[in-house]
Every structure is written in C-alpha cells, then in structure tokens.
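J.: Here it is, the structure, as structure tokens.
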2 protein chains.
Amino acid sequence: MVSLTADYALRAMLLLARDETDRALRADEIADATGAPRNYMAKVLNAVAKAGLINSTRGPAGGFTLAIPSTEITLGRVIDLFDTVPGNPRCMLGSGPCDPARPCRSHDAWQAVTAARRSPFLSTTIADLLNGRVDPLAVHPVPESLNVA
Amino acid sequence: MVSLTADYALRAMLLLARDETDRALRADEIADATGAPRNYMAKVLNAVAKAGLINSTRGPAGGFTLAIPSTEITLGRVIDLFDTVPGNPRCMLGSGPCDPARPCRSHDAWQAVTAARRSPFLSTTIADLLNGRVDPLAVHPVPESLNVA
DNA sequence: CGAGTTTCTCATCTGGATATGAGTATCTCG
DNA sequence: CGAGATACTCATATCCAGATGAGAAACTCG
C-alpha cells in the first residue's frame, strides 16, 4: 500500500511537525524514534530535503526542520517522492492503453477507484494527521454487506 | 499501490467475468490477454482457485471459470489474496503499537486515511468494474488547491 | 488403455527495494 | 585554525516480488 521508505518519511515529517518551532532534529534521533535504520533514514531525509520540504543544517546543533508549514504538506506530496506508480500500461480490458476517445467499458470505473484511493492522500496534511483531524470527505462508510475482509 | 501480481489477478477476473456463461478460459489465453508471463499467471490463477473464487479443470477443454457470481466478488477480495499489508507495527507516533485504550493523537486520523483508501476496494465488485459502474460513495471530488500532484 | 491437453508444482534466476558500513564534506565553537 | 559534531555519499550486501524452465499430475477422448 505504502512503501516502507515512504512510511519512514511520513513518520519523520510527523516528528518534525510536532517540534515545528523547536530545535532541529538529528537524523539518528529521527531514525531511532521511527524505527528506521540510521543510515537509511539519512538517505530518506536527504531526498525529502532535496524536494524542498525540509531544511538540513550540518555541524553541531544541526539537523532537520520543516521548510514549509505542516498545514501545506499533504501526505501525497511526501509519499510521491518515493512511491512511483509503475503500473501496467495496458487498460484493465484490452491489450494497450485506452484510447481516451474510445475508452474500454471499465476505464472510467477503474479511474474512479484509483482516484478515490488517492484522494485521502491529497486531502490530508501532516498537520491534520498530527492533530487527529480527519477530512470528512475522506470518511465514507462501507456497507457492511460488502465488507468481506 | 496494487502489486503487479494482484493486478494480474484482477485482469484475469475481468476476463472470466466477461465470459461468465461461456467456455472455460485457458491459463495461457488469460496470460496473453493480460500481458502476464504464462507460468506466472498459472501460479496466480492457482492461488485464486485455492481461495475458491474460480474453478479449474484440467485436460482438453479445461481452463478456468468463475466459481461465484462476479457481483459478489469485490476487488478487495481478490487483491487481499496477494497484497499482504506488512506495515510498520509501531504507531505513526510513538515507539510501539497504539494502546487501543489510549491511542496516540494521530491514531484515528491515520486509521481513517487507511480505511478511506480501502473503501473503494470493498465497495466495488468485478461486475461493477466490468460494466463501468462506479460506487458514487467512492467518488468525492478533491479540492483543486490540494491537488499537488 | 494410450496419447494429447492442460493444470499444478518446484527449483532457480533476476532486479529492485531495503539495509549496512565506511568514508567524505561542511558546519560550530573554543 | 583545530577538533568535534553532524549531514552527505558511495559501494556493497540482503531480501523478496516477479519471472522462468522443466517436469509431474490429472483430465478427456478416441
């Protein structure tokens, strides 16, 4: 669902958002707190920093801080840095990508499912998650009869 | 998002549902039509058959057919056969699983996001997908301002 | 029964995600 | 400026989903 790497990144962002006004957090602090290997977390944080979501400073008292307010960082923005969607180029029916002009009959439905799954990542920010705030649009009940899990 | 293996399985189910009343489809037919490697698709179909969603018969004129109506097969039911959710045992904040009695403050929000992403898989059946029918609950617009993709 | 067809099974290969270790660059501060 | 602290980088190891190949088991039909 979400790669372990993206999961690490999300957790790191939550930690940084919690200390949004406070001192910088070191990579190894973040790694230990999130349960990620230290060197691996360093690489993850580096990638997030390159994307401009966090700042990094070296040397004593260095570490990482948010570069933009946590209210402006959607989950999707973090996750997309790591989870590329390779996907199957061919349409759900048929042997190639759907011609947009003549979509196969399951095309729109599949698109809707995909969009619906992406939606919570776009409508939820790090700040939302930290404060336990949930986008009401993202919560729609599932008929019990269909819950076969 | 969805593993390639689960994607193969979904496509196979769509094919079988399209010929729901017709003859059995051979593994290699299904493989070719879906773009999956033949031997690999055989393994996938075998797993779906073991789960009871499809029937398999060997020998001439053998192949696979749906074991239950496509209206009763949700996407989640197929996908769950392959996409296990290992996930990080620890809560999004904190160093272990959340105590249900005293959840961390992002616990409910994260649960909601997860549930919202799972919902389309539970509320959509193979038949829905095949006929381009979309659960209206699964389609909620995303504010343009949040669409940072 | 025998031959052909098809599913089923297993052992192995491969590539990418994950992880590790060691070393390099850059900063602060005395 | 020197030393310590920290981020950064790279080479390599590990693990697993995905893919492959070859063969065994089971069925149909003449």
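Scheme for the structure tokens: letters A, B, ... for chains in order shown; per-chain residue numbers from 1; ligand numbers from 1 in order shown.
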Residues within 12 Å of DG30 (chain D), please, as JSON, numbers by chain. Count only C-alpha atoms (C1' of nucleotides); anything in the same chain fewer than 6 positions from it doesn't count.
T.: {"C": [1, 2, 3, 4]}
J.: Among chain A, which residues carry a DSSP assignment of helix (DSSP H, G or I), reported as a PyMOL selection string?
T.: chain A and resi 4-18+27-34+38-50+70-72+75-79+107-123+126-130+136-138+144-146
J.: Please produce, as JSON lines, a per-residue contact table for chain A versus chain C (criterion: any atom at most 6 Å away, only C-alpha atoms (C1' of nucleotides) considered), showing the nearest atom pair and its distance in Å to one decimal, sorted by chain then residue number.
T.:
{"residue": "A:Arg58", "atom": "CA", "partner": "C:DC27", "partner_atom": "C1'", "distance": 5.1}
{"residue": "A:Gly59", "atom": "CA", "partner": "C:DC27", "partner_atom": "C1'", "distance": 4.0}
{"residue": "A:Pro60", "atom": "CA", "partner": "C:DT28", "partner_atom": "C1'", "distance": 5.6}
J.: Keeping all heavy atoms, export the residues of the selection given above as an mmCIF file, in the first residue's frame.
T.:
data_model
loop_
_atom_site.group_PDB
_atom_site.id
_atom_site.type_symbol
_atom_site.label_atom_id
_atom_site.label_comp_id
_atom_site.auth_asym_id
_atom_site.auth_seq_id
_atom_site.Cartn_x
_atom_site.Cartn_y
_atom_site.Cartn_z
ATOM 1 N N ARG A 58 24.245 21.210 8.765
ATOM 2 C CA ARG A 58 25.273 20.304 9.279
ATOM 3 C C ARG A 58 25.918 20.891 10.524
ATOM 4 O O ARG A 58 25.640 22.012 10.936
ATOM 5 C CB ARG A 58 26.364 20.093 8.226
ATOM 6 C CG ARG A 58 25.836 19.625 6.895
ATOM 7 C CD ARG A 58 26.973 19.032 6.092
ATOM 8 N NE ARG A 58 26.809 19.293 4.672
ATOM 9 C CZ ARG A 58 27.425 18.594 3.728
ATOM 10 N NH1 ARG A 58 28.238 17.617 4.034
ATOM 11 N NH2 ARG A 58 27.250 18.881 2.460
ATOM 12 N N GLY A 59 26.807 20.110 11.071
ATOM 13 C CA GLY A 59 27.571 20.563 12.216
ATOM 14 C C GLY A 59 26.797 20.525 13.502
ATOM 15 O O GLY A 59 25.623 20.153 13.525
ATOM 16 N N PRO A 60 27.455 20.904 14.574
ATOM 17 C CA PRO A 60 26.839 20.867 15.905
ATOM 18 C C PRO A 60 25.521 21.635 15.911
ATOM 19 O O PRO A 60 25.403 22.677 15.257
ATOM 20 C CB PRO A 60 27.879 21.544 16.790
ATOM 21 C CG PRO A 60 29.172 21.346 16.086
ATOM 22 C CD PRO A 60 28.858 21.340 14.630
#
J.: Please identify every residue of chain B that has at least one atom no farther than 12 Å from an atom of chain D, counting only C-alpha atoms (C1' of nucleotides), and for each give the shortest atom pair and the distance in Å to one decimal, arranged by chain then increasing number, as a Markdown table.
T.:
| residue | atom | partner | partner_atom | distance |
| --- | --- | --- | --- | --- |
| B:Ser3 | CA | D:DA17 | C1' | 8.7 |
| B:Leu4 | CA | D:DG18 | C1' | 8.3 |
| B:Thr5 | CA | D:DG18 | C1' | 8.0 |
| B:Ala6 | CA | D:DA17 | C1' | 11.4 |
| B:Tyr8 | CA | D:DG18 | C1' | 11.7 |
| B:Ala36 | CA | D:DA19 | C1' | 9.7 |
| B:Pro37 | CA | D:DA19 | C1' | 7.3 |
| B:Arg38 | CA | D:DT20 | C1' | 9.7 |
| B:Asn39 | CA | D:DT20 | C1' | 7.7 |
| B:Tyr40 | CA | D:DA19 | C1' | 6.8 |
| B:Met41 | CA | D:DA19 | C1' | 10.2 |
| B:Ala42 | CA | D:DA19 | C1' | 11.9 |
| B:Lys43 | CA | D:DA19 | C1' | 11.1 |
| B:Val44 | CA | D:DG18 | C1' | 11.5 |
| B:Ser56 | CA | D:DC27 | C1' | 11.1 |
| B:Thr57 | CA | D:DC27 | C1' | 7.6 |
| B:Arg58 | CA | D:DC27 | C1' | 5.1 |
| B:Gly59 | CA | D:DC27 | C1' | 4.2 |
| B:Pro60 | CA | D:DT28 | C1' | 5.6 |
| B:Ala61 | CA | D:DT28 | C1' | 8.1 |
| B:Gly62 | CA | D:DC27 | C1' | 8.2 |
| B:Gly63 | CA | D:DC27 | C1' | 11.1 |
| B:Phe82 | CA | D:DA17 | C1' | 10.6 |
| B:Asp83 | CA | D:DA17 | C1' | 10.6 |
| B:Thr84 | CA | D:DA17 | C1' | 11.9 |
J.: My list of candidates is A:Ser106, A:Asn46, A:Thr124, A:Thr74. Which is closest to chain B when distances are computed with only C-alpha atoms?
T.: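 So, comparing all the options, the nearest one is A:Ser106.
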J.: So how many Å separate CA of Leu10 (chain A) and CA of Arg77 (chain A), to one decimal?
T.: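 Rounded to one decimal, the two atoms are 10.0 Å apart.
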J.: Give the answer as one residue: which of B:Ala24, B:Thr65, B:Ala33, B:Pro97 has the shortest atom-to-atom distance to chain A, using only C-alpha atoms?
T.: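 When distances to chain A are compared using only C-alpha atoms, the smallest one comes from B:Ala33.
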J.: Which residues in chain A does DSSP call strand (DSSP E)? List them as a PyMOL selection string.
T.: chain A and resi 54-57+63-66
J.: Okay, now the selection with C-alpha atoms, as a CSV table (one decimal), in the first residue's frame?
T.:
chain,number,residue,atom,x,y,z
A,54,ILE,CA,12.6,20.2,4.9
A,55,ASN,CA,15.8,22.1,5.7
A,56,SER,CA,19.1,20.5,6.7
A,57,THR,CA,22.0,22.0,8.5
A,63,GLY,CA,19.7,18.5,11.9
A,64,PHE,CA,16.4,18.8,10.1
A,65,THR,CA,13.5,21.2,10.3
A,66,LEU,CA,10.4,21.7,8.2
J.: With a distance cut-off of 9 Å and only C-alpha atoms (C1' of nucleotides), select the neighbouring residues of Leu15 (chain B), excluding the residue or stretch itself and same-chain residues fewer than 5 positions from it, and output the selection as a ChimeraX atom specification.
T.: /A:93 /B:10,20,25,30,33-34,130
J.: Go ahead and dump the residues you just picked, N, CA and C atoms, as a CSV table (one decimal), in the first residue's frame.
T.:
chain,number,residue,atom,x,y,z
A,93,LEU,N,-9.1,-3.8,-19.4
A,93,LEU,CA,-9.5,-4.7,-20.5
A,93,LEU,C,-8.7,-4.3,-21.7
B,10,LEU,N,-6.7,-9.3,-11.0
B,10,LEU,CA,-7.9,-8.5,-11.3
B,10,LEU,C,-8.2,-8.6,-12.8
B,20,GLU,N,-18.7,-15.0,-18.5
B,20,GLU,CA,-19.2,-15.7,-17.3
B,20,GLU,C,-19.9,-17.0,-17.6
B,25,LEU,N,-11.7,-20.5,-19.8
B,25,LEU,CA,-10.5,-19.9,-20.4
B,25,LEU,C,-9.2,-20.6,-20.0
B,30,ILE,N,-5.4,-16.4,-20.9
B,30,ILE,CA,-5.6,-15.4,-19.9
B,30,ILE,C,-4.2,-14.6,-19.8
B,33,ALA,N,-3.7,-12.4,-22.9
B,33,ALA,CA,-4.6,-11.3,-22.9
B,33,ALA,C,-4.3,-10.2,-21.9
B,34,THR,N,-3.8,-10.6,-20.8
B,34,THR,CA,-3.5,-9.7,-19.7
B,34,THR,C,-2.1,-9.2,-19.7
B,130,LEU,N,-16.5,-4.2,-14.6
B,130,LEU,CA,-16.7,-4.7,-16.0
B,130,LEU,C,-17.8,-3.8,-16.7
J.: Any idea what's packed within 8 Å of Leu129 (chain B), counting only C-alpha atoms (C1' of nucleotides), ignoring anything in its chain fewer than 2 positions away? Could you give it as a ChimeraX atom specification?
T.: /A:106,109-110 /B:14,124-127,131-134
J.: Please produce a file of the residues just selected, as a JSON list (two decimals), in the first residue's frame, where the atoms kept are N, CA and C atoms.
T.:
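Dumped to result.json:
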[["chain", "number", "residue", "atom", "x", "y", "z"],
["A", 106, "SER", "N", -14.57, -0.52, -18.81],
["A", 106, "SER", "CA", -14.25, -0.44, -17.38],
["A", 106, "SER", "C", -13.30, 0.71, -17.08],
["A", 109, "ALA", "N", -14.60, 3.46, -14.53],
["A", 109, "ALA", "CA", -14.78, 2.90, -13.19],
["A", 109, "ALA", "C", -13.42, 2.68, -12.52],
["A", 110, "TRP", "N", -12.47, 2.17, -13.28],
["A", 110, "TRP", "CA", -11.15, 1.94, -12.71],
["A", 110, "TRP", "C", -10.48, 3.26, -12.34],
["B", 14, "LEU", "N", -11.62, -10.06, -14.56],
["B", 14, "LEU", "CA", -12.43, -9.31, -15.51],
["B", 14, "LEU", "C", -12.68, -10.14, -16.77],
["B", 124, "THR", "N", -16.55, -1.94, -4.53],
["B", 124, "THR", "CA", -16.58, -2.17, -5.97],
["B", 124, "THR", "C", -16.41, -3.66, -6.25],
["B", 125, "THR", "N", -17.27, -4.18, -7.10],
["B", 125, "THR", "CA", -17.17, -5.59, -7.45],
["B", 125, "THR", "C", -16.59, -5.73, -8.86],
["B", 126, "ILE", "N", -16.20, -6.94, -9.18],
["B", 126, "ILE", "CA", -15.73, -7.23, -10.53],
["B", 126, "ILE", "C", -16.81, -6.85, -11.55],
["B", 127, "ALA", "N", -18.04, -7.16, -11.23],
["B", 127, "ALA", "CA", -19.14, -6.83, -12.14],
["B", 127, "ALA", "C", -19.26, -5.32, -12.32],
["B", 131, "ASN", "N", -18.79, -3.40, -15.93],
["B", 131, "ASN", "CA", -19.88, -2.64, -16.54],
["B", 131, "ASN", "C", -19.72, -1.14, -16.39],
["B", 132, "GLY", "N", -18.55, -0.72, -15.91],
["B", 132, "GLY", "CA", -18.31, 0.71, -15.79],
["B", 132, "GLY", "C", -19.20, 1.38, -14.76],
["B", 133, "ARG", "N", -19.66, 0.58, -13.82],
["B", 133, "ARG", "CA", -20.49, 1.15, -12.77],
["B", 133, "ARG", "C", -19.60, 1.56, -11.61],
["B", 134, "VAL", "N", -19.82, 2.77, -11.11],
["B", 134, "VAL", "CA", -18.97, 3.30, -10.07],
["B", 134, "VAL", "C", -19.79, 3.57, -8.83]]
J.: For a test of reading the model, state the distance in Å between CA of Ser119 (chain B) and CA of Arg11 (chain A), rounded to one decimal.
T.: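 Between CA of Ser119 (chain B) and CA of Arg11 (chain A) the gap is 23.4 Å.
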